Amino acid sequence: MRLEDLFRSLFLEMSVNILKANACPNLTLFIKLNFSFNKTKFLSIYFRFCPQKLLEKMADVSLKEAALILGVVAACYWNSLFCGFVFDDVSAILDNKDLHPSTPLKNLFQNDFWGTPMSEERSHKSYRPLTVLTFRLNYLFSELNAVSYHFLNLVFHMVVCIVFLKVCKLFLDSRSSVVASLLFAVHPIHTEAVTGVVGRAELLSSIFFLAAFLSYTKSKGPDNTIVWTPIAVTVFLVAVATLCKEQGITVVGICCVYEVFIAQGYTLPVLLDTAVQILRGKGSIPFSMLQTLLKLIVLMFSTLLLVVVRVQVIQSQLPVFTRFDNPAAVSPSPARQLTFNYLLPVNAWLLLNPSELCCDWTMGTIPLVESLLDVRNVATLTFFCFLGSLIVFGLRYPGDSSKTVLMALCLIVLPFIPASNLFFPVGFVVAERVLYVPSMGFCILVAHGWKKLSNKSVLRKISWVCLAVVLFTHALKTLHRNWDWESEYTLFMSALKVNKNNAKLWNNVGHALENEKNFERALQFFIQATQVQPDDIGAHMNVGRTYKNLNKTKEAEESYMTAKSLMPQIIPGKKYAARVAPNHLNVYINLANLIRANESRLEEADQLYRQAISMRPDFKQAYISRGELLLKMNKPLKAKEAYLRALELDRTNADLWYNLAIVYIELKDPTEALKNFNRALELNPTHKLALFNSALLMQESGDARLRPEAKQRLLNYVKEEPQDANGYFNLGMLAMDDKKDMEAEAWMKKAIRLQPNFRSALFNLALLYSQTAKELMALPILEDLLRYYPDHTKGLILKGDILMNQKKDISGAKMCFEKILELDPNNVQGKHNLCVVYFEERDLKKAEKCLVETLALAPHEEYIQRHLNIVRSKIASLSAAEQSSLPADGIAAVEEKKKTFENLKEVKNEKKTTQTTVNKGHLKNKKRTEKNNMDKETPKKSTKEIKDIEKKRVAALKRLEEIERILNGE
C-alpha cells in the first residue's frame, strides 16, 4: 500500500469519529481536500481545521474531578491556617500602611508591593497593586488576623488547581490531566507561594495567567476565522495578571506558541519550508498564515504597550541589589554566566526532588561557578542537552505527543524568564515561589510520561505504584513543610538545617530571637553570621544593635565601626547608591545615635549624619535623625531646615510634620506648631503624639474656644492609648478649667488607678477637693502623694493648710511647714505659714521674728509686711492691756486676736498653689516614648493675681525646659 493510501484511510477513520462526536463543522470541506501531501502537511491541515469544539468538550471539568482536587488541596494545606506572618509577610502586611483604610486607594497604584513610593530609590520596583488590594480587603474584614490571609491563599490555590486541570485537558486525556493537577496540588515547592502570605502574588497572577490562555484558545472560529472578543479578553486578563505579578505578561508568549504550533498545526520544518518558498519567489504567504500573523501582531503590540507602561511606572529605574542578594550579578565573566546557567539545573532539581527546601537562597547558599573545570558544569550541560532534545521534539514532529511536550516546555521556560537573570538581575539566587507557574509545565510533562508508561502492559502496575508513592510522599512533605511557616524562628531554623552557609539565615534567626527580647541568644546567631560572611555589613550592624540593647556601648560602637569600614568607598563620578543596599547606610545613623548620648561627641554624630546625606541626598531618615540631634544641640533653626528638606522628599509622612511642630514649640511659635500638628493629623488622624501634644497646646493657649477640640483630641488619644494615664489627667485639667468639678474628679481618679504614683494627678485631685469644700477628702490623697514624693513642697503646704484650718491640728501643720524648710530653707510660703502656726500657738515673739526673717527673703511681698505690722500691733496692744489689767480690754484683745487670725488665714489662703498639667513629649522616629510630669500654676482669683501670673510664666518656662530635655533624648 502506498503511503498516500495509508494516510487517506487513517484520515477517513478519524473523520468518521469526529463526525460522530459532531465536533467539526467543516468536516465535509475537510474530506474533499486533495490528499497528495506528506504526513506533516496532513496533520497540519487536520489541526488547523478541526480542533475547537473537540478541545472545548475535552476541557470540561466534572464535579467528581473538582471535588477530588479540592479535597486533596484542603488535606495538604489545612495546617497553613495556623501559621503567622513571617519573613516577607512582615514588610508586605504588618508594616505596609497601604492596607489601612485611612490610606487613599490611589496609593496602591503609586507604591510598590511593600508600600514604598515607586519614585524612591529604595523601592523594590515590584508593582502589584491588585495583590495589595486583596491584602487590604483582608485587613478590612479581619485587620491583622493571619488566619483570614492564609485561608484566602488556600482558596486561591484551589482555584488555580481547577483552572490548571481545565488547561491540562487541552493537551492530555482526562486521566492524565487529573494526575497532572493532583501533582501540582501537592507539590512541596508550592508551600512558599501558598503558605507564605506574600505568595498570593503568584496565586493571583496564575489564575489570570491561565484564564488568559484559556480565553485565547477560543479565538479561532469556523473556517479558521479570527474571533476578536476572546483576544480582547485575553489582553485584558494579561494586564490584570501583570498587575498581580510581573511574570503574568509571559502568557503572551505561550499564546503565540499555541497559535502557531497548536491552533494552526505548523511544525518548524513546515515553517522553514514555507519561508524558503516565499524567499525564492515560488509562492505567496498563505491566507491562514496572514491571519496568524495578524493575531500575533495584536498580541505583541499589546504586550509592548504593557511593557512601556510598566517601565513608566518604575520611572525607568531598576531596583538596587547588592552582591549579598545576588552574588553572581556583580561577578565578572565567566563566573556570572556560568553561575546563572548552573542555577537552571538547580531549579529543575528542586522540581524533581523537593526534599530539601529553603526559604532563602541568597548570599553564599550556592557558591559561584568560577571555572569551566568546575564539576557542576556537567549538570548544566546535561540540563541543556535534555532541554534541547525536548524542544527539537516539540517543534520538529507533528502529533499529540510533540504538542503536549511543546506546551509543557512553554509553561516551564517562558514564565521563568523574568527570574532567570537573562535580561536584568533579580534580588535572589533561587526563589521557590517563582517556580509556581513553571511547575505546571513540569507536572504536564510528568503526567504525559506516566501516560506513556501506563499504556504499556508490562509497566502499568509499576507506573501506578510509582504515581501513588510520589503523590503520597509529596503530600506528606507539603503538610510537614507548612509547619515551618508557623513562625519566623521555625522557618529560619528549618532553613539552617538545609544550608548553613547563608549569613542571612543566621541573621534572620537572630532577628526572631531579638523580637522575643532574647538578646543574649540573638547575639550568638548574629556573631555566627559575621563568621559565615565576614564582609556582611548587615550582620555587623545587627551585632552592634544587640550590644546596644545589652547596654554594652563600647562593643556596639566597635561593631558599627567594623560595618562602616566595609562600606564601599565613594568613587567620583559614579552614583554611590548603585553599589550599596539602602539599608546599609543606616550604619551611619545607628553609629551617630549611639555616640550622641555623649554630650562631648555631638559634633561627631552630626558629621556622620551629614556623611550619610552626602552619599544619598534623598536619605530621609538621615535628615530626621539630624533634626533631632540639632534640637539637642540647641540649634532649632538648623533642625527646622533638616525637617523641611525631609518633607521635600516625603510630604505624606505624618511623623515629619509632628517633628516640625516640636521644632516650632522650641522656637516659641505655638501658632505654627499647631498648624503642623494639624497637618500630621490630616495625614494620620490617629497619630497619637500629635493628638496629645496638640491638645496640650490648645489647652495652654488659654483660648476657651479651643477647649472643645482639645478635649476631643484627648478623647481620641485615650481611645488609641487606653492605658496611658497622662491622657485622662489632661482631660481632668480641661474639666477643671471649664469648672466641671465632677467630671474632673472622675478623670483624675482614672489616671490614678492606672498610675497610682502619678504625682500631678494626686496633687491636682487634692487641690480640686480643697477648692470645692471637700478638704477632708483631700487629706488621704495628699498622704498618698507624700508617701511617693516626701519632698513635694506644694503638697506639704496644702496638707499643712488643711490640717490647720479644717482639722485644727496645729502640730501636724507645723510638722509639714518645718519639713518644707528642711528641704528648702528659703521657701517663702513655707516660712510664712510656719509664722502663722506660731501665731496660732500664741507665741507672738516667735511669730514676729519668723515674719522678719520671711520678709528678708521676700522684701517686696506686701502681705508679709502687713502681717508683721499686725503681729507687732498685737504685741503692743497686749502690753498695754497688761498694764491696765481691764477685763474689757482683755475681751477686746481676744476679739482682735481672732480678727487678726482671720486676716492671716484669708491672706494665707490666697497663697494656695496648684500644679500644672503633665506634658508628654515624644519623637516617634526615635522609636521611644518619654513621659515627664511637672507642676503648673493654676491661679485662683485673689488680690495677688499679678504674682500668680508671674508664677504661671515661670512654670511655663519650666515646661519648655522639660520638652527640651525630652527632645534631646535625656
# chains A, B, ... in the order shown; residues from 1 in each chain; ligands from 1
>>> residues_around(residues="Lys819 in chain A", least_positions_apart="4", cutoff="9 Å", atoms="only C-alpha atoms", output="number ranges by chain")
A: 791, 793, 796, 814-815, 823-824, 830
>>> residues_around(residues="range 509-520 of chain A", least_positions_apart="4", cutoff="10 Å", atoms="only C-alpha atoms", output="MDAnalysis selection string")
chainID A and resid 86:87 487:493 495:496 504:505 524:529 539 542:543 545:550
>>> closest_atom_pairs(of="range 54-128 of chain A", to="range 225-242 of chain A", cutoff="12 Å", atoms="only C-alpha atoms", output="tab-separated table")
residue	atom	partner	partner_atom	distance
A:Ser126	CA	A:Thr242	CA	10.6
A:Tyr127	CA	A:Thr242	CA	8.6
A:Arg128	CA	A:Thr242	CA	7.6
>>> residues_around(residues="Lys739 in chain A", least_positions_apart="6", cutoff="12 Å", atoms="only C-alpha atoms", output="PDB file with N, CA and C atoms, in the first residue's frame")
ATOM      1  N   GLY A 732      -8.847  65.690  82.794  1.00  0.00           N
ATOM      2  CA  GLY A 732      -9.247  66.247  84.087  1.00  0.00           C
ATOM      3  C   GLY A 732      -8.876  67.707  84.223  1.00  0.00           C
ATOM      4  N   MET A 733      -7.711  68.095  83.750  1.00  0.00           N
ATOM      5  CA  MET A 733      -7.299  69.504  83.831  1.00  0.00           C
ATOM      6  C   MET A 733      -8.185  70.395  82.963  1.00  0.00           C
ATOM      7  N   GLU A 745     -12.945  65.265  88.585  1.00  0.00           N
ATOM      8  CA  GLU A 745     -12.648  64.267  89.616  1.00  0.00           C
ATOM      9  C   GLU A 745     -12.607  62.860  89.017  1.00  0.00           C
ATOM     10  N   LEU A 768      -8.388  69.961  93.886  1.00  0.00           N
ATOM     11  CA  LEU A 768      -9.790  70.064  93.478  1.00  0.00           C
ATOM     12  C   LEU A 768     -10.706  69.903  94.684  1.00  0.00           C
ATOM     13  N   GLN A 771     -10.658  73.023  96.834  1.00  0.00           N
ATOM     14  CA  GLN A 771     -11.331  74.171  96.232  1.00  0.00           C
ATOM     15  C   GLN A 771     -12.847  74.007  96.209  1.00  0.00           C
ATOM     16  N   THR A 772     -13.311  72.778  96.404  1.00  0.00           N
ATOM     17  CA  THR A 772     -14.755  72.519  96.382  1.00  0.00           C
ATOM     18  C   THR A 772     -15.274  72.156  97.766  1.00  0.00           C
TER      19      THR A 772
END
>>> atom_distance(atom1="CA of Glu720 in chain A", atom2="CA of Phe692 in chain A")
10.6 Å
>>> closest_residue(among="A:Ala408, A:Ala661, A:Val330, A:Val346", to="Leu170 in chain A", atoms="only C-alpha atoms")
A:Ala408
>>> atom_distance(atom1="CA of Asp89 in chain A", atom2="CA of Phe208 in chain A")
22.7 Å
>>> residues_around(residues="Asn421 in chain A", least_positions_apart="5", cutoff="12 Å", atoms="only C-alpha atoms", output="ChimeraX atom specification")
/A:326-330,336-337,339-344,416,426-430
>>> residues_around(residues="range 267-284 of chain A", least_positions_apart="4", cutoff="7 Å", atoms="only C-alpha atoms", output="ChimeraX atom specification")
/A:261,395-398
>>> residues_around(residues="Ala66 in chain A", least_positions_apart="3", cutoff="10 Å", atoms="only C-alpha atoms", output="list in words")
Val61, Ser62, Leu63, Ile69, Leu70, Gly71, Met158, Val159, Cys161, Ile162, Val163, Leu165 and Val178 of chain A
>>> residues_around(residues="Glu775 in chain A", least_positions_apart="5", cutoff="9 Å", atoms="only C-alpha atoms", output="compact mmCIF listing (two decimals) with N, CA and C atoms, in the first residue's frame")
# COMPACT_ATOMS: atom_id res chain seq x y z
N ALA A 766 -6.28 66.44 94.96
CA ALA A 766 -6.35 67.01 96.31
C ALA A 766 -6.71 68.48 96.26
N LEU A 767 -6.12 69.20 95.33
CA LEU A 767 -6.42 70.62 95.18
C LEU A 767 -7.88 70.83 94.79
N LEU A 768 -8.39 69.96 93.89
CA LEU A 768 -9.79 70.06 93.48
C LEU A 768 -10.71 69.90 94.68
N TYR A 769 -10.40 68.91 95.53
CA TYR A 769 -11.22 68.72 96.74
C TYR A 769 -11.15 69.96 97.63
N SER A 770 -9.97 70.53 97.81
CA SER A 770 -9.83 71.69 98.71
C SER A 770 -10.55 72.90 98.16
N ILE A 802 -4.71 72.49 105.31
CA ILE A 802 -5.94 71.78 105.65
C ILE A 802 -5.91 71.35 107.11
N GLN A 806 -8.86 73.20 108.85
CA GLN A 806 -10.04 72.35 108.91
C GLN A 806 -10.01 71.40 110.11
>>> atom_distance(atom1="CA of Glu202 in chain A", atom2="CA of Asp360 in chain A")
17.0 Å
>>> select_by_dssp(residues="range 681-817 of chain A", states="alpha helix (DSSP H)", output="ChimeraX atom specification")
/A:681-683,688-700,707-720,725-737,741-754,759-771,775-788,793-805,810-817
>>> closest_residue(among="A:Ile820, A:Leu422, A:Ala680, A:Ala773", to="Thr652 in chain A", atoms="only C-alpha atoms")
A:Ala680
>>> closest_residue(among="A:Leu868, A:Cys850, A:Leu629, A:Ala690", to="Tyr838 in chain A", atoms="only C-alpha atoms")
A:Cys850
>>> closest_residue(among="A:Asn593, A:Gln312, A:Thr191, A:Asn634", to="Leu667 in chain A", atoms="only C-alpha atoms")
A:Asn634
